[in-house]
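For reference, query.txt is printed below; it contains compact mmCIF, C-alpha atoms.
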```
# COMPACT_ATOMS: atom_id res chain seq x y z
CA MET P 1 218.31 -0.87 107.92
CA GLU P 2 217.35 -4.37 109.10
CA PHE P 3 219.13 -7.47 107.83
CA GLU P 4 216.26 -8.85 105.74
CA GLU P 5 215.87 -5.59 103.85
CA ALA P 6 219.63 -5.25 103.34
CA HIS P 7 219.90 -8.85 102.16
CA GLY P 8 217.07 -8.41 99.67
CA LEU P 9 218.72 -5.31 98.19
CA PHE P 10 222.10 -7.07 98.18
CA ILE P 11 220.87 -10.04 96.14
CA ASP P 12 218.78 -7.86 93.84
CA GLN P 13 221.78 -5.64 93.08
CA HIS P 14 223.96 -8.59 92.14
CA MET P 15 221.18 -10.25 90.13
CA LYS P 16 220.76 -7.14 87.99
CA SER P 17 224.48 -6.89 87.30
CA ARG P 18 224.87 -10.49 86.10
CA THR P 19 223.94 -12.51 83.05
CA GLY P 20 224.31 -16.11 81.90
CA GLU P 21 225.94 -18.68 84.16
CA ARG P 22 227.11 -16.08 86.67
CA ARG P 23 223.49 -15.10 87.26
CA GLY P 24 222.34 -18.71 87.24
CA ARG P 25 224.95 -19.67 89.79
CA LEU P 26 223.73 -16.93 92.12
CA VAL P 27 220.16 -18.25 91.80
CA ARG P 28 221.21 -21.85 92.49
CA GLY P 29 224.13 -21.34 94.86
CA HIS P 30 223.05 -18.68 97.33
CA ASN P 31 220.91 -20.77 99.64
CA PHE P 32 220.12 -21.25 103.32
CA ALA P 33 223.69 -21.76 104.55
CA GLU P 34 225.03 -18.71 102.73
CA LYS P 35 222.22 -16.46 103.92
CA LEU P 36 222.65 -17.78 107.47
CA PHE P 37 226.35 -16.89 107.35
CA LEU P 38 225.45 -13.32 106.47
CA GLN P 39 222.77 -13.13 109.15
CA ASN P 40 224.64 -14.84 112.01
CA VAL P 41 228.26 -13.92 111.31
CA TRP P 42 228.77 -11.04 108.87
CA TRP P 43 225.88 -8.69 109.68
CA PRO P 44 226.47 -8.59 113.48
CA MET P 45 230.07 -7.53 112.79
CA PHE P 46 229.65 -4.99 110.00
CA GLU P 47 225.93 -4.14 109.75
CA SER P 48 226.64 -3.79 106.03
CA LEU P 49 227.08 -6.08 103.03
CA GLY P 50 229.30 -3.65 101.16
CA ASP P 51 232.36 -4.99 99.26
CA LEU P 52 230.91 -8.51 99.59
CA HIS P 53 230.17 -10.53 96.44
CA PRO P 54 228.05 -13.72 96.53
CA GLU P 55 228.89 -16.67 94.26
CA TYR P 56 232.00 -14.96 92.94
CA GLU P 57 233.64 -16.43 89.85
CA VAL P 58 237.34 -17.36 89.93
CA TYR P 59 239.50 -19.57 87.71
CA ASP P 60 241.82 -22.46 88.54
CA TRP P 61 245.21 -23.21 86.96
CA ASN P 62 243.47 -24.74 83.93
CA ARG P 63 241.26 -21.65 83.51
CA LYS P 64 238.31 -23.72 84.70
CA SER P 65 235.57 -21.53 86.16
CA GLN P 66 234.81 -21.97 89.87
CA PHE P 67 232.60 -20.04 92.26
CA LEU P 68 233.38 -18.95 95.81
CA ASP P 69 230.46 -18.66 98.23
CA PHE P 70 231.59 -15.10 98.89
CA ALA P 71 234.42 -12.81 97.89
CA TYR P 72 235.23 -9.90 100.17
CA LEU P 73 237.04 -7.18 98.23
CA PRO P 74 237.59 -4.18 100.51
CA GLN P 75 239.00 -0.87 99.31
CA THR P 76 242.37 -1.75 100.86
CA GLY P 77 242.99 -4.02 97.85
CA SER P 78 242.98 -7.36 99.66
CA SER P 79 241.03 -10.36 98.35
CA PHE P 80 239.30 -12.79 100.71
CA GLY P 81 237.45 -15.91 99.66
CA ILE P 82 234.84 -17.16 102.14
CA GLU P 83 233.39 -20.68 101.98
CA CYS P 84 230.49 -22.14 103.99
CA ASP P 85 231.21 -25.86 104.14
CA GLY P 86 228.53 -28.40 104.93
CA TYR P 87 229.66 -31.78 106.25
CA GLN P 88 227.53 -33.70 103.77
CA SER P 89 228.70 -31.96 100.61
CA HIS P 90 232.28 -31.12 101.58
CA VAL P 91 233.32 -34.23 103.53
CA LYS P 92 230.94 -37.17 103.45
CA ASP P 93 230.15 -37.02 99.72
CA MET P 94 233.65 -35.98 98.62
CA ASP P 95 235.80 -38.63 96.92
CA ARG P 96 239.58 -38.53 96.77
CA GLU P 97 239.69 -36.73 93.43
CA LYS P 98 237.35 -33.98 94.61
CA PHE P 99 239.26 -33.67 97.88
CA ASN P 100 242.58 -33.32 96.06
CA TYR P 101 241.13 -30.70 93.73
CA SER P 102 239.68 -28.72 96.65
CA VAL P 103 243.04 -28.63 98.41
CA ASN P 104 244.92 -27.70 95.24
CA ARG P 105 242.39 -25.01 94.35
CA ASP P 106 242.81 -23.28 97.71
CA THR P 107 246.60 -23.46 97.38
CA PHE P 108 246.44 -22.03 93.86
CA LEU P 109 244.16 -19.18 94.92
CA THR P 110 246.49 -18.44 97.84
CA GLY P 111 249.35 -18.20 95.36
CA MET P 112 247.26 -15.79 93.30
CA GLY P 113 246.81 -13.48 96.28
CA TRP P 114 243.55 -14.74 97.78
CA ARG P 115 243.17 -15.38 101.49
CA MET P 116 240.80 -18.31 101.87
CA ILE P 117 238.52 -18.59 104.91
CA HIS P 118 236.37 -21.66 105.64
CA PHE P 119 233.49 -22.02 108.09
CA SER P 120 231.47 -25.14 108.80
CA PHE P 121 227.70 -24.94 108.51
CA ASP P 122 227.36 -26.37 112.04
CA ASP P 123 229.40 -23.50 113.49
CA ILE P 124 227.54 -20.90 111.43
CA GLN P 125 224.26 -22.23 112.76
CA GLN P 126 225.15 -23.23 116.33
CA ARG P 127 228.33 -21.34 117.26
CA PRO P 128 228.34 -18.11 115.22
CA GLU P 129 230.34 -16.31 117.92
CA VAL P 130 233.29 -18.61 117.13
CA CYS P 131 232.98 -17.75 113.44
CA ARG P 132 232.87 -14.03 114.23
CA MET P 133 235.96 -14.30 116.41
CA LEU P 134 237.91 -16.17 113.73
CA LEU P 135 236.75 -13.84 110.96
CA GLN P 136 237.79 -10.82 112.99
CA LEU P 137 241.15 -12.44 113.67
CA VAL P 138 241.79 -12.93 109.95
CA LEU P 139 240.45 -9.62 108.64
CA ALA P 140 241.70 -7.22 111.31
CA PRO P 141 245.32 -6.82 110.09
CA TYR P 142 244.16 -5.95 106.56
CA LEU P 143 241.42 -3.44 107.28
CA ALA P 144 242.10 0.27 107.61
CA ARG P 145 242.52 1.60 111.13
CA LYS P 146 241.40 5.16 111.80
CA SER P 147 241.07 5.94 115.49
CA ALA P 148 243.95 6.09 117.97
CA SER P 149 242.12 3.83 120.41
CA VAL P 150 241.78 1.14 117.77
CA ALA P 151 245.45 1.50 116.87
CA ILE P 152 246.41 0.79 120.47
CA LEU P 153 244.16 -2.25 120.46
CA SER P 154 245.85 -3.37 117.25
CA GLU P 155 249.27 -3.21 118.93
CA GLU P 156 248.02 -5.37 121.77
CA LYS P 157 246.56 -7.87 119.32
CA GLU P 158 249.88 -8.23 117.55
CA VAL P 159 251.63 -8.84 120.87
CA LEU P 160 248.98 -11.42 121.78
CA ARG P 161 249.44 -13.15 118.42
CA PHE P 162 253.20 -13.25 119.01
CA ALA P 163 252.75 -14.66 122.52
CA TRP P 164 250.38 -17.32 121.17
CA ARG P 165 252.86 -18.42 118.48
CA LEU P 166 255.86 -18.38 120.80
CA GLY P 167 254.97 -21.68 122.47
CA ARG P 168 256.43 -20.69 125.84
CA PRO P 169 255.95 -17.94 128.43
CA VAL P 170 256.63 -14.52 126.95
CA ARG P 171 258.88 -11.89 128.56
CA PRO P 172 259.01 -8.14 127.97
CA LYS P 173 262.46 -8.75 126.48
CA ASP P 174 260.95 -11.09 123.86
CA VAL P 175 258.36 -8.51 122.82
CA ALA P 176 260.91 -5.70 122.72
CA MET P 177 263.27 -7.67 120.49
CA HIS P 178 260.58 -9.03 118.16
CA PHE P 179 258.83 -5.68 117.53
CA CYS P 180 261.95 -3.50 117.86
CA ILE P 181 260.44 -1.39 120.63
CA ASN P 182 261.86 -0.30 123.97
CA PHE P 183 261.54 -2.44 127.07
CA ARG P 184 259.15 -0.05 128.83
CA THR P 185 256.66 -0.11 125.93
CA ALA P 186 256.85 -3.91 125.75
CA ARG P 187 256.17 -4.22 129.46
CA ARG P 188 253.23 -1.79 129.21
CA LEU P 189 251.61 -3.82 126.43
CA LEU P 190 252.00 -7.06 128.36
CA GLN P 191 250.59 -5.48 131.51
CA SER P 192 247.60 -4.16 129.57
CA LEU P 193 246.88 -7.63 128.16
CA SER P 194 247.21 -9.05 131.65
CA GLU P 195 244.70 -6.53 133.00
CA LYS P 196 242.28 -7.58 130.25
CA GLY P 197 242.57 -11.18 131.42
CA LEU P 198 244.32 -12.40 128.28
CA LEU P 199 247.72 -13.10 129.84
CA LYS P 200 248.57 -14.60 133.21
CA PRO P 201 251.54 -12.95 134.97
CA PHE P 202 254.10 -14.94 136.95
CA ASN P 203 256.18 -13.29 139.64
CA GLN P 204 259.71 -14.02 140.78
CA GLY P 205 260.16 -12.04 143.94
CA GLU P 206 258.49 -8.65 143.62
CA ARG P 207 258.73 -8.42 139.82
CA ILE P 208 256.70 -10.03 137.08
CA ARG P 209 259.18 -12.02 135.03
CA TYR P 210 256.98 -13.53 132.33
CA TYR P 211 253.42 -14.06 131.12
CA GLU P 212 251.50 -17.06 129.85
CA VAL P 213 248.66 -16.94 127.32
CA LYS P 214 245.33 -17.93 128.82
CA ALA P 215 242.59 -19.83 127.00
CA LEU P 216 240.68 -17.28 124.92
CA ARG P 217 236.95 -16.78 124.67
CA PRO P 218 235.58 -15.74 121.25
CA ASP P 219 234.66 -12.25 122.45
CA GLN P 220 238.17 -11.55 123.73
CA MET P 221 239.73 -11.23 120.29
CA TRP P 222 237.60 -8.25 119.21
```
Mind converting the file's structure to C-alpha cells?
Amino acid sequence: MEFEEAHGLFIDQHMKSRTGERRGRLVRGHNFAEKLFLQNVWWPMFESLGDLHPEYEVYDWNRKSQFLDFAYLPQTGSSFGIECDGYQSHVKDMDREKFNYSVNRDTFLTGMGWRMIHFSFDDIQQRPEVCRMLLQLVLAPYLARKSASVAILSEEKEVLRFAWRLGRPVRPKDVAMHFCINFRTARRLLQSLSEKGLLKPFNQGERIRYYEVKALRPDQMW
C-alpha cells in the first residue's frame, strides 16, 4: 500500500470513531506538518500507521483537556507522545505563561508514564533522516525484539549508548562491569562496534586498550 492511500484510510478510520470536540480537533489539527511527519519520518521506518493516534486527547493536572499531535501506543504497553513543533507557533508566538505551561505539561505527562518526543517542523521537512534516527533511538528499547540478529544489534546499541554517556574512552573492563558480562564478551562487542566504524580503537603496544566514540551519522543508529 502506498502512503497516500494508507494516510487516507488512517484519517478516515479515526474520523469515524470520534465525535464532538475530539473529531473537530482532528479536522482542525491534523494539517500539513503532521502529515509531512508521517510521510517523511514515520512511514519510511514502519510502512504502517498502526498503533498511531492523531490528535490524541490527554489531561493535565487540572483535568484540562489537551491534544498531542500523535500518540503511539504499541502492544508492548508503552505510551509515546509525539509533537511536531513549528518555530512560529511554539517559540516566536509563545509568551512566558504558555512556555511555562508547555514545560510543566510535558513533565506531568512524563510522571504519568508518557515518553514525550518533539521534532521541529524544519527538521521534518529538510532533515527527516535526523528525525528518523532520533525516533529509532527512543523507540528501539521499548519495542519487541524477535530475531536473534536484531537481539545482537540491540546489545551493541546498549554498549554504544553506555560509551556515549561515559564521557571518556571506554575499556572492555568498563563494559564488563556495567553490564555484568565476562571480559571476552565485552571485548567482542567493542570490536564489533569498531568494525562498524562507530568506535575508534587506540592501541598501547600490540593490544587495544580503549575505544573512543566517533561522531555518528543518522543512519548509523539503525
Applying 12 Å and all atoms listed in the file, which residues near Val27 in chain P remain after dropping the ones on its own chain fewer than 3 positions away? List them as an mmCIF file with C-alpha atoms, in the coordinates of the input.
```
data_model
loop_
_atom_site.group_PDB
_atom_site.id
_atom_site.type_symbol
_atom_site.label_atom_id
_atom_site.label_comp_id
_atom_site.auth_asym_id
_atom_site.auth_seq_id
_atom_site.Cartn_x
_atom_site.Cartn_y
_atom_site.Cartn_z
ATOM 1 C CA ILE P 11 220.870 -10.040 96.140
ATOM 2 C CA ASP P 12 218.780 -7.860 93.840
ATOM 3 C CA HIS P 14 223.960 -8.590 92.140
ATOM 4 C CA MET P 15 221.180 -10.250 90.130
ATOM 5 C CA LYS P 16 220.760 -7.140 87.990
ATOM 6 C CA ARG P 18 224.870 -10.490 86.100
ATOM 7 C CA THR P 19 223.940 -12.510 83.050
ATOM 8 C CA GLY P 20 224.310 -16.110 81.900
ATOM 9 C CA GLU P 21 225.940 -18.680 84.160
ATOM 10 C CA ARG P 22 227.110 -16.080 86.670
ATOM 11 C CA ARG P 23 223.490 -15.100 87.260
ATOM 12 C CA GLY P 24 222.340 -18.710 87.240
ATOM 13 C CA HIS P 30 223.050 -18.680 97.330
ATOM 14 C CA ASN P 31 220.910 -20.770 99.640
ATOM 15 C CA PHE P 32 220.120 -21.250 103.320
ATOM 16 C CA GLU P 34 225.030 -18.710 102.730
ATOM 17 C CA PRO P 54 228.050 -13.720 96.530
ATOM 18 C CA GLU P 55 228.890 -16.670 94.260
#
```
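Near range 175-181 of chain P, within 9 Å and counting all atoms listed in the file, sit P:Val159, P:Phe162, P:Ala163, P:Val170, P:Arg171, P:Pro172, P:Arg184, P:Thr185, P:Ala186, P:Arg187, P:Leu189, P:Leu190, not including residues fewer than 3 positions from it in the same chain.
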Go through P:Met1, P:Leu134, P:Cys84, P:Leu68 and flag the residue nearest His118 in chain P, using all atoms listed in the file for the distances.
P:Cys84
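Take the candidates P:Gln125, P:Phe3, P:Met94, P:Met133 and check each one against Glu47 in chain P using only C-alpha atoms; the shortest distance goes to P:Phe3.
The coordinates place CA of Phe99 in chain P at 20.1 Å from CA of Met112 in chain P.
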Separation of CA of Glu4 in chain P from CA of Trp42 in chain P, in Å and rounded to one decimal:
13.1 Å
Which of these, P:Val103, P:Leu139, P:Ile208, P:Ile124, has the shortest distance to Lys35 in chain P once you count all atoms listed in the file?
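Smallest separation from Lys35 in chain P among the options: P:Ile124.
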Quick one: distance from CA of Ser78 in chain P to CA of Tyr142 in chain P in Å, one decimal?
7.1 Å
Could you tell me, as number ranges by chain, which residues have any atom at most 12 Å from (229.1, -7.6, 96.5), counting all atoms listed in the file?
P: 6-7, 9-18, 26, 48-57, 69-74
Could you write out the selected residues, including C-alpha atoms, as a PDB file, keeping the file's coordinate frame?
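That gives us out.pdb:
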```pdb
ATOM      1  CA  ALA P   6     219.630  -5.250 103.340  1.00  0.00           C
ATOM      2  CA  HIS P   7     219.900  -8.850 102.160  1.00  0.00           C
ATOM      3  CA  LEU P   9     218.720  -5.310  98.190  1.00  0.00           C
ATOM      4  CA  PHE P  10     222.100  -7.070  98.180  1.00  0.00           C
ATOM      5  CA  ILE P  11     220.870 -10.040  96.140  1.00  0.00           C
ATOM      6  CA  ASP P  12     218.780  -7.860  93.840  1.00  0.00           C
ATOM      7  CA  GLN P  13     221.780  -5.640  93.080  1.00  0.00           C
ATOM      8  CA  HIS P  14     223.960  -8.590  92.140  1.00  0.00           C
ATOM      9  CA  MET P  15     221.180 -10.250  90.130  1.00  0.00           C
ATOM     10  CA  LYS P  16     220.760  -7.140  87.990  1.00  0.00           C
ATOM     11  CA  SER P  17     224.480  -6.890  87.300  1.00  0.00           C
ATOM     12  CA  ARG P  18     224.870 -10.490  86.100  1.00  0.00           C
ATOM     13  CA  LEU P  26     223.730 -16.930  92.120  1.00  0.00           C
ATOM     14  CA  SER P  48     226.640  -3.790 106.030  1.00  0.00           C
ATOM     15  CA  LEU P  49     227.080  -6.080 103.030  1.00  0.00           C
ATOM     16  CA  GLY P  50     229.300  -3.650 101.160  1.00  0.00           C
ATOM     17  CA  ASP P  51     232.360  -4.990  99.260  1.00  0.00           C
ATOM     18  CA  LEU P  52     230.910  -8.510  99.590  1.00  0.00           C
ATOM     19  CA  HIS P  53     230.170 -10.530  96.440  1.00  0.00           C
ATOM     20  CA  PRO P  54     228.050 -13.720  96.530  1.00  0.00           C
ATOM     21  CA  GLU P  55     228.890 -16.670  94.260  1.00  0.00           C
ATOM     22  CA  TYR P  56     232.000 -14.960  92.940  1.00  0.00           C
ATOM     23  CA  GLU P  57     233.640 -16.430  89.850  1.00  0.00           C
ATOM     24  CA  ASP P  69     230.460 -18.660  98.230  1.00  0.00           C
ATOM     25  CA  PHE P  70     231.590 -15.100  98.890  1.00  0.00           C
ATOM     26  CA  ALA P  71     234.420 -12.810  97.890  1.00  0.00           C
ATOM     27  CA  TYR P  72     235.230  -9.900 100.170  1.00  0.00           C
ATOM     28  CA  LEU P  73     237.040  -7.180  98.230  1.00  0.00           C
ATOM     29  CA  PRO P  74     237.590  -4.180 100.510  1.00  0.00           C
TER      30      PRO P  74
END
```
Given only C-alpha atoms as the counted atoms, nearest of P:Phe119, P:Trp61, P:Phe183, P:Gln136 to Thr107 in chain P:
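Distance minimum relative to Thr107 in chain P lands on P:Trp61.
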